[in-house]
Amino acid sequence: MLNIILFGPPGSGKGTQAKRISETQGLVHLSTGEILRSAIARQTPLGILAKKYIEKGELVPDEDVQQMLANAVDRYLKEGAKGFIFDGFPRNLSQAEFLDKMLEERGMQVDYLISLEVDHDELVRRLLARREQEGRSDDTLEVIENRLAVYNKLTLPVIEHYKAQGKFYPVNGMGTIEEVNRRICAIINQKRG
Ligand code: B4P
């Protein structure tokens, strides 16, 4: 089992890189943002609730996201998953504590957290470019600035939680998708030995 958290602010490339790494490393890519967007599209009770938060750039309540994540982990474990890349989770300290406990109960652990570091202006530029291409409702300038503020206030402290466990690996997230991917793979390969 190998469980990696791919961490970083909105627009840092978490989703982009997690998808690639899951393919090359044979890990399940679990994106809470993607699961929530799918619930919104299907208009499930969770989707109807999540929409109100996502459109404002706020975090969806912990209990709902945590339950959703645990269900997804159990489903993939039943299918024989060999490990996970967590993308967009944990997003605050209580989610980090939940993740540690949930994995421990299943005989697993977070092996390490890879944190993508990107300048504020570049984050805004990438998300506005995505708005042009995909029209995501939370990629407007006002909502992007709120997502970044929420990240700085609630999500950044998660780094200290895993630093204290000796599991924190920062990566320069500036540059092309290929360049960033090579930096991430270098860490994974070094850890795998
Ligand atoms: P997410 O789906 O996680 O959205 P995100 O933070 O914007 O990251 P994403 O992975 O999509 O973007 P990426 O940086 O890869 O969350 C959306 C919302 O869901 C949250 O705001 C929250 O409301 C809710 N939510 C999710 N998880 C939650 C949780 N655990 N608890 C509570 N609420 C939760 O890419 C951005 C763009 O940059 C892309 O267009 C990409 O192509 C481009 N890009 C990537 N790398 C690049 C590079 N190197 N150069 C140029 N462009 C690049």
# chains A, B, ... in the order shown; residues from 1 in each chain; ligands from 1
>>> residues_near_ligand(ligand="ligand 1", cutoff="7 Å", atoms="only C-alpha atoms and all ligand atoms", output="ChimeraX atom specification")
/A:9-17,31-34,36,53-54,57-62,65,87-91,126-127,129-130,147,173-177,180
>>> write_last_selection(atoms="C-alpha atoms", output="PDB file, in the first residue's frame")
ATOM      1  CA  PRO A   9      -3.596  25.777  -3.304  1.00  0.00           C
ATOM      2  CA  PRO A  10      -6.334  25.908  -5.960  1.00  0.00           C
ATOM      3  CA  GLY A  11      -4.628  26.079  -9.350  1.00  0.00           C
ATOM      4  CA  SER A  12      -1.349  24.562  -8.150  1.00  0.00           C
ATOM      5  CA  GLY A  13      -1.835  21.523 -10.387  1.00  0.00           C
ATOM      6  CA  LYS A  14      -3.009  18.948  -7.822  1.00  0.00           C
ATOM      7  CA  GLY A  15      -5.726  17.475 -10.027  1.00  0.00           C
ATOM      8  CA  THR A  16      -3.572  17.650 -13.153  1.00  0.00           C
ATOM      9  CA  GLN A  17      -0.599  15.910 -11.534  1.00  0.00           C
ATOM     10  CA  SER A  31     -10.325  13.858  -5.892  1.00  0.00           C
ATOM     11  CA  THR A  32     -12.929  15.157  -3.453  1.00  0.00           C
ATOM     12  CA  GLY A  33     -13.575  18.094  -5.792  1.00  0.00           C
ATOM     13  CA  GLU A  34     -14.346  15.715  -8.679  1.00  0.00           C
ATOM     14  CA  LEU A  36     -18.502  16.581  -5.394  1.00  0.00           C
ATOM     15  CA  TYR A  53     -20.520  26.001  -0.733  1.00  0.00           C
ATOM     16  CA  ILE A  54     -18.486  25.397  -3.896  1.00  0.00           C
ATOM     17  CA  GLY A  57     -15.442  29.068  -2.683  1.00  0.00           C
ATOM     18  CA  GLU A  58     -16.157  27.754   0.828  1.00  0.00           C
ATOM     19  CA  LEU A  59     -15.395  24.273   2.152  1.00  0.00           C
ATOM     20  CA  VAL A  60     -18.222  21.730   2.105  1.00  0.00           C
ATOM     21  CA  PRO A  61     -18.957  20.604   5.740  1.00  0.00           C
ATOM     22  CA  ASP A  62     -16.448  18.102   7.114  1.00  0.00           C
ATOM     23  CA  VAL A  65     -16.935  15.143   2.765  1.00  0.00           C
ATOM     24  CA  ASP A  87      -6.238  15.159  -4.171  1.00  0.00           C
ATOM     25  CA  GLY A  88      -8.090  17.962  -2.348  1.00  0.00           C
ATOM     26  CA  PHE A  89      -8.279  16.074   0.954  1.00  0.00           C
ATOM     27  CA  PRO A  90      -7.484  16.875   3.742  1.00  0.00           C
ATOM     28  CA  ARG A  91      -8.368  20.576   3.513  1.00  0.00           C
ATOM     29  CA  ARG A 126      -4.213  29.366 -14.393  1.00  0.00           C
ATOM     30  CA  LEU A 127      -7.700  29.328 -12.873  1.00  0.00           C
ATOM     31  CA  ALA A 129      -7.511  30.335 -18.075  1.00  0.00           C
ATOM     32  CA  ARG A 130      -9.458  27.229 -17.002  1.00  0.00           C
ATOM     33  CA  ARG A 147     -10.753  29.950  -2.331  1.00  0.00           C
ATOM     34  CA  GLY A 173       4.993  23.812  -8.890  1.00  0.00           C
ATOM     35  CA  MET A 174       6.075  26.580 -11.293  1.00  0.00           C
ATOM     36  CA  GLY A 175       6.964  25.571 -14.865  1.00  0.00           C
ATOM     37  CA  THR A 176       5.344  23.270 -17.386  1.00  0.00           C
ATOM     38  CA  ILE A 177       3.109  20.325 -16.440  1.00  0.00           C
ATOM     39  CA  VAL A 180       6.460  19.593 -12.370  1.00  0.00           C
TER      40      VAL A 180
END
>>> closest_residue(among="A:Gln190, A:Ile144, A:Leu27, A:Arg37", to="Arg125 (chain A)", atoms="only C-alpha atoms")
A:Ile144
>>> residues_around(residues="Ile40 (chain A)", least_positions_apart="5", cutoff="7 Å", atoms="only C-alpha atoms", output="tab-separated table (two decimals) with C-alpha atoms, in the first residue's frame")
chain	number	residue	atom	x	y	z
A	47	GLY	CA	-24.61	17.53	-4.59
A	48	ILE	CA	-27.43	19.95	-3.81
A	51	LYS	CA	-23.21	23.37	-4.72
>>> residues_around(residues="Asp111 (chain A)", least_positions_apart="4", cutoff="12 Å", atoms="only C-alpha atoms", output="ChimeraX atom specification")
/A:1-6,83-86,99-100,103-104,162-163,165-169,188,191-192
>>> atom_distance(atom1="CA of Asp121 (chain A)", atom2="CA of Glu23 (chain A)")
29.7 Å
>>> select_by_dssp(residues="chain A", states="strand (DSSP E or B)", output="count of residues only")
26
>>> closest_residue(among="A:Arg183, A:Glu122, A:Glu63, A:Asp74", to="Glu105 (chain A)", atoms="only C-alpha atoms")
A:Asp74
>>> decode(residues="region 122-180 of chain A", atoms="C-alpha atoms", output="compact mmCIF listing (two decimals), in the first residue's frame")
# COMPACT_ATOMS: atom_id res chain seq x y z
CA GLU A 122 0.26 32.32 -11.41
CA LEU A 123 -2.54 30.51 -9.50
CA VAL A 124 -5.04 33.20 -10.48
CA ARG A 125 -3.78 33.16 -14.08
CA ARG A 126 -4.21 29.37 -14.39
CA LEU A 127 -7.70 29.33 -12.87
CA LEU A 128 -8.92 32.20 -15.05
CA ALA A 129 -7.51 30.34 -18.08
CA ARG A 130 -9.46 27.23 -17.00
CA ARG A 131 -12.59 29.37 -16.72
CA GLU A 132 -12.13 30.26 -20.40
CA GLN A 133 -11.74 26.59 -21.37
CA GLU A 134 -14.11 24.73 -19.04
CA GLY A 135 -16.40 27.43 -17.61
CA ARG A 136 -16.24 26.08 -14.05
CA SER A 137 -18.62 28.17 -11.92
CA ASP A 138 -16.06 28.55 -9.10
CA ASP A 139 -13.33 29.93 -11.39
CA THR A 140 -14.49 33.58 -11.31
CA LEU A 141 -12.01 36.13 -9.93
CA GLU A 142 -14.08 36.82 -6.80
CA VAL A 143 -14.55 33.12 -5.95
CA ILE A 144 -10.90 32.32 -6.77
CA GLU A 145 -9.71 34.98 -4.29
CA ASN A 146 -12.00 33.49 -1.62
CA ARG A 147 -10.75 29.95 -2.33
CA LEU A 148 -7.17 31.19 -1.92
CA ALA A 149 -8.07 32.97 1.36
CA VAL A 150 -9.77 29.80 2.67
CA TYR A 151 -6.66 27.82 1.65
CA ASN A 152 -4.32 30.17 3.53
CA LYS A 153 -6.48 30.21 6.65
CA LEU A 154 -7.75 26.62 6.96
CA THR A 155 -5.75 24.37 4.64
CA LEU A 156 -2.12 25.54 5.10
CA PRO A 157 -1.98 24.35 8.76
CA VAL A 158 -2.31 20.77 7.44
CA ILE A 159 1.36 21.09 6.37
CA GLU A 160 2.50 21.45 10.00
CA HIS A 161 0.48 18.35 10.95
CA TYR A 162 2.41 16.17 8.48
CA LYS A 163 5.73 18.01 8.99
CA ALA A 164 5.53 16.94 12.64
CA GLN A 165 5.21 13.33 11.38
CA GLY A 166 8.26 13.76 9.08
CA LYS A 167 6.08 13.27 5.98
CA PHE A 168 6.27 16.69 4.27
CA TYR A 169 7.88 17.08 0.80
CA PRO A 170 7.67 20.50 -0.92
CA VAL A 171 7.90 20.69 -4.73
CA ASN A 172 8.32 23.73 -6.97
CA GLY A 173 4.99 23.81 -8.89
CA MET A 174 6.08 26.58 -11.29
CA GLY A 175 6.96 25.57 -14.87
CA THR A 176 5.34 23.27 -17.39
CA ILE A 177 3.11 20.32 -16.44
CA GLU A 178 5.92 18.00 -17.64
CA GLU A 179 8.59 19.71 -15.52
CA VAL A 180 6.46 19.59 -12.37
